[in-house]
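Heads up, the thing below is written out as structure tokens.
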Amino acid sequence: MMTEQIAAVLRACLFIAIALLLCMVIFAAVGLSAIDTLRGVVEGAFFRPRAMDHVLRWGLPLLITSVGVVICFRAGYFNIGAQGQFYMGAIAAAFAAEALRGTSPLVAVPLCMLAGIVGGAIWALWPALLRVKAGADEVISTMMGNFIAALVLVHVTSGPLKDPSGSGQATSSLPVDAAHRISATTGTSPIILGITALVVLLGWWLTRRTAFGVLSGLAGRNPTMVTWQGADVERIAIGAFLVSGAFAGLAGSIELLGPNGRLASGFLPAHGFTAVVIALVASLSVLATVFVALFFGALASAALYLPVMAGLPAAAIQIINASIALFITSRTEAAENLLSRWRARWKT
Amino acid sequence: MAENPQAGAQAPALDAQGVTVRYGSFTALDDVTARFEPGLIHAIVGQNGAGKTTFARVAAGLVAPAAGQALIFGTQVPPGDVPRARTAGVELVHQSFALPPSFTVAEVLQFVGPRAGLYSRRAIERHWQAWLRDIGIDLPAAARIRDLPIESQQSAEIARAMVSDARLLILDEPTAVLPPEGIDRLFARIRSLKARGVTVFLVLHKIREVLAIADTVTVLRGGRLVAGPMPTAGLAPASLSAQIIGEGAGTLDLSDRAALTGEGAARHADAGAAAPRRGEGKALEVSLLHVARGQYGNGLSGVNLDVHSAEIVGIAGVEGNGQRDLVAAVAGLQPIAEGAIRIAGQSFGREGLARRRGAGLRIIPFERNVEGLSLTSSLWENWSAAQLVGRSLLATAGPRALRRLADQRFREWDLRYRNPDQPAGALSGGNAQKVILAREVDAAARLIIAAQPTRGLDVGATAAVWDALRAARARGAGVLIISSDLDELFDICDRVVVLAAGRSVGTFAPPYDLRAIGDAMVAATARPQEETA
Amino acid sequence: MEDLIIAFLRSGTPIVYIAIAGVIAQRAGIWNLGLEGLMIVGACATIVTIRLTGSVSLALLVAVALCALLSLLLWFVVEILKANQIIAGLGITGLGLGGTSLALTAIFGSEAAVFAPHGLPRLGPAFGVFGSLSILVLAMPFLVFGIWLVLCRSRFGLRLSAAGEHPFAARAIGVSPTRMRFWALLLGAPFCALAGAELAAGSLQLFSVNMTAGRGFMGFAAVIFGAGHPIGATLAAFFFAFVGALGIRAQLLYGDLFPSSLLLSLPYVATVIGLWISARIKGPSAATNSELGRS
């Protein structure tokens, strides 16, 4: 068991290294200095003042969402709609926050989070039903869900929840009641840390200590087999989608009540995709996600650092994430085969 | 026929020299050397896992040997180079057909044929229909492969192999899917091929078939050549049987051995001895079952079937005649249109498989690797699925406890494995089947449906499966075994039911008459055409 | 009325081209989720090259070359490294989207929209009111017909289908499914480039970050809705484009009555409905994914 886990870590490191090589090539191709860009990323991620604060501010919400992605992917469903579920959760929480403006934070904050959970879960429910009842593949439906949710967000921040005093360009909603904020704009807080820990614990329990965990793990690798054992595949599927949607929605509500403080059109546009990459790098293990999410949180904080401090484009981080996604699901045996074939050809 | 390599005769059709094939640490073929003369029908026999298919694929250029080479009519074919092998004149008719299901027959032939470039659909259908007529294969060129019955699909597969004018035609286990009459028709076609000068290789594993059709026979065992190529004339089935099995299954009784190697006329093991008494209660009652066409097959139009407790009933029939539909209906995976199903006395209508398992239903599914196991999941997870399906999804499932239980059961079944965390795909076929047996054949099993349980298994594993099913019968369970191997059914079943065209067309008791059962398998499929004529 | 048709053709053509690229890949057994990234690379390459050199033919060449490069990268990762198609495809899309942003910043200093002095050649006054459409629109039916011939009426097309539906059948005659997928992705690359070129330079002559807005995925959905058949996918692509054009129209006309963002979401909703319909039609017992669009 131990060697398996070590092998998984080495695998991830190998493919991340290959991904970074590709990134260097791309940076060089568009005329940037690859070395400088990489140095900028590393500095921005790990070596700026109050680095830990930034890592946690970005990493914890990512961690919450990616635990949900892990659960759904493990069950064999490519729910890539985390971004849309994240947005819908934030939107639901924003409506709740408006309705509860002025009430005691002890009441409002949990209710807003609950709204976020429900909002995210509902946005995952319809692709789940499409898949389970009609057999419609969830990849495109959840992807479309992302686009639709982004448009709903535009609508909400320029209509029902618009902040009338807002500046011209970006639309955003009214800020949340100050008493309801669970963290300052720049950082994180014990509340967020606590909620994240609960989510991780819940995710671990679901995947490692329940029948759902074993059966969904089997279903993810061979759905036919669990059907022939008599498992209720429909219930497993809907459960997996709902949990992942709920966690993404919860993350949305936390971003709203916490560091963001308000809904802004197009905020955190890479959150969902990054959560998917985190889940894959962590080889779909809830515990590993903790470390990987913090790593990607550091990368995300570097995205803000790059243009300001190093004069480099923030899109570099998007390239890094995409490149890692490209290579991370490769199989080591395939890479080994390739290497041995090259070696043989060089010898002759 | 004396071998005479120095004679100035034509080159041997196939000259295998020290062929060795390895898959990782497993040696599929070990230094196989043999010469096969042209113009004859050669049989290659051996049990599952002996290396017959691998040998056929090396000859066809599909598999590159790690050492040694195979010469086709004296030409050396670069290892693993299929196009060059086909140019040299060798073609392989595969066991599971190399035919894309949605293609029409004409499209398959066009795809394999020499003419590149654009075509018109009508033109190719006309062209290939005429060609099929010329070579004496009766198939509609416009029919889609997936709509053809199995025997026609095999004809299409043979046609596919004959497009390039093969001089050496290799057929890999062609008899496995055919009823007795179909085997006769196939042999007639092979004889006419021989008359046209084609050298034919047949990979078989029934001695009866070898003696019926082949001029020479070669025995493979454990990847090694143990006998032949030797003429079949005057060969004693018993000695051939001994060479096929080797010492690996010394504890097999005579009738089991005969069933494994298909020698002589099939007969029932306990014919003459007192047959075991079957129980009073019924493990399964199926009455007037009608099932619509669906993902499991073409449906059922009236099946009646009873399995008593402490009884083994076999279902004979060519695949595609309703076997899958029946199993899926009993399992609750396929809704029934009409009729009734009772398992261990309980009636079942729309209840799912989990409830039926609760009543004692166990299934050893058709496709071991797709329906029975999750190959990339661990052994303990594969085993625990059965424990966990009946309960709530949020019920506690402690991995440590489950691992320990799985370990215990695996050891009871004498499984060869390293630890319960191993992926199921790492096990050999026989051991993988034992995982399924360990999971399904437990004390609470009242009705065990075993679908093609010994397919692809070697001698030892096959014997283990038969022992397990007999032991279950002794414990009082009812066993329903579905198999396309009549020898197997005749050896272990107390009764045999024939399923054809979605109907149950007769129950037979021992001593079994191969001809009668073969006729029943075919007659029912002929009847519907008469009705519509 | 004519402007509706013009808008319809203009918005439909890029999606059709992407759908064609998707059909070719699907036949060979690859679900190419990198289409969105390939499309935006094509769009960016076209506009930037025209802006920097003024030459449209060079721009198309560069676009095709870059799309081919990305497609082959996808092939390498999926076929040689055996990565998961869906995730690798999304990675390619991310590389495309991020790479084009990066290129803008690196070449022009910011991520603001880039304008080109001219776009693709138009059909001209000979076509009357339709003269404002680009030549790629006119080329589209011919190219679709050509691809139909290749995929459904040639031995190459049969081999491609075998590689996707039953790879063993291909291997049995010595045709390597891996090599077939190579050709499939390579053959699709110019279509992705043309899709991007038409989107950016067909009428607007501008490139902005993320301008594809999910059209690549709509093209992918058109492949499924069209059952993997080139003609079917083309019709499905036009259907999605039609709904999109309707949405924009409605937003202009009825922007006060209905929320404009929600009207803009119509094509995405239509895509989902299209997926649902095609899944219901397929049913559990009908053709599998790999059998899409045989005729």
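Simple scheme: letters A, B, ... for chains in structure tokens order, numbers from 1 for residues in each chain, numbers from 1 for ligands in the order shown.
In chain B, the set of residues within 6 Å of chain A (atoms considered: only C-alpha atoms) is B:Leu353, B:Ala354, B:Glu371, B:Gly372, B:Leu373, B:Ser374, B:Leu388, B:Val389, B:Leu393, B:Leu394, B:Ala395, B:Thr396, B:Ala397, B:Gly398.
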Got time to write the residues from that selection, C-alpha atoms, as a compact mmCIF listing (two decimals), in the first residue's frame?
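For reference, again.txt as written:
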# COMPACT_ATOMS: atom_id res chain seq x y z
CA LEU B 353 -31.10 -7.64 -8.42
CA ALA B 354 -30.16 -6.72 -4.85
CA GLU B 371 -19.51 -8.17 -15.98
CA GLY B 372 -17.87 -10.14 -13.22
CA LEU B 373 -14.87 -8.13 -12.09
CA SER B 374 -13.45 -4.64 -12.09
CA LEU B 388 -22.48 -4.09 0.35
CA VAL B 389 -25.19 -3.92 -2.28
CA LEU B 393 -25.14 3.54 0.69
CA LEU B 394 -24.07 5.28 3.88
CA ALA B 395 -23.62 2.04 5.81
CA THR B 396 -20.19 1.66 7.31
CA ALA B 397 -17.77 -0.36 5.25
CA GLY B 398 -14.54 -0.87 7.12
Strand (DSSP E) residues, from DSSP on the backbone, in stretch 10-258 of chain B, as a ChimeraX atom specification: /B:14-23,26-36,41-45,67-72,75-76,90-93,168-172,199-204,216-221,224-231
Residues of chain A within 9 Å of chain C, only C-alpha atoms counted, as a ChimeraX atom specification: /A:26-27,29-32,78,130-131,133-137,139-145,147-149,151-155,159,273,277,312-335,338
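Note that atom CA of A:Pro127 and atom CA of B:Gln295 are 23.7 Å apart.
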Atom CA of C:Ile135 to atom CA of C:Ala21, straight-line distance in Å: 18.8 Å
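Note that the spacing between atom CA of B:Lys194 and atom CA of B:Arg35 amounts to 18.0 Å.
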6 Å contacts from chain C to chain B using only C-alpha atoms, as a PyMOL selection string: chain C and resi 153-155+158+166+169+174+285
Based on the selection just made, write N, CA and C atoms of those residues as a PDB file, in the first residue's frame.
ATOM      1  N   ARG C 153     -17.540   7.062 -48.258  1.00  0.00           N
ATOM      2  CA  ARG C 153     -17.504   6.394 -49.551  1.00  0.00           C
ATOM      3  C   ARG C 153     -16.081   6.088 -49.978  1.00  0.00           C
ATOM      4  N   SER C 154     -15.183   5.893 -49.030  1.00  0.00           N
ATOM      5  CA  SER C 154     -13.839   5.533 -49.447  1.00  0.00           C
ATOM      6  C   SER C 154     -13.286   4.476 -48.516  1.00  0.00           C
ATOM      7  N   ARG C 155     -12.288   3.754 -49.001  1.00  0.00           N
ATOM      8  CA  ARG C 155     -11.697   2.715 -48.176  1.00  0.00           C
ATOM      9  C   ARG C 155     -10.998   3.332 -46.965  1.00  0.00           C
ATOM     10  N   LEU C 158     -13.538   3.828 -44.371  1.00  0.00           N
ATOM     11  CA  LEU C 158     -13.891   2.565 -43.715  1.00  0.00           C
ATOM     12  C   LEU C 158     -12.826   2.199 -42.691  1.00  0.00           C
ATOM     13  N   HIS C 166     -13.922  -0.790 -33.953  1.00  0.00           N
ATOM     14  CA  HIS C 166     -13.482  -2.160 -33.669  1.00  0.00           C
ATOM     15  C   HIS C 166     -12.007  -2.229 -34.031  1.00  0.00           C
ATOM     16  N   ALA C 169     -10.361  -5.217 -35.663  1.00  0.00           N
ATOM     17  CA  ALA C 169     -10.593  -5.502 -37.085  1.00  0.00           C
ATOM     18  C   ALA C 169      -9.571  -4.780 -37.942  1.00  0.00           C
ATOM     19  N   GLY C 174      -3.635  -5.314 -40.575  1.00  0.00           N
ATOM     20  CA  GLY C 174      -2.381  -4.580 -40.591  1.00  0.00           C
ATOM     21  C   GLY C 174      -2.542  -3.071 -40.608  1.00  0.00           C
ATOM     22  N   SER C 285     -30.431   0.310 -26.107  1.00  0.00           N
ATOM     23  CA  SER C 285     -30.091  -0.886 -26.855  1.00  0.00           C
ATOM     24  C   SER C 285     -29.561  -0.583 -28.233  1.00  0.00           C
TER      25      SER C 285
END
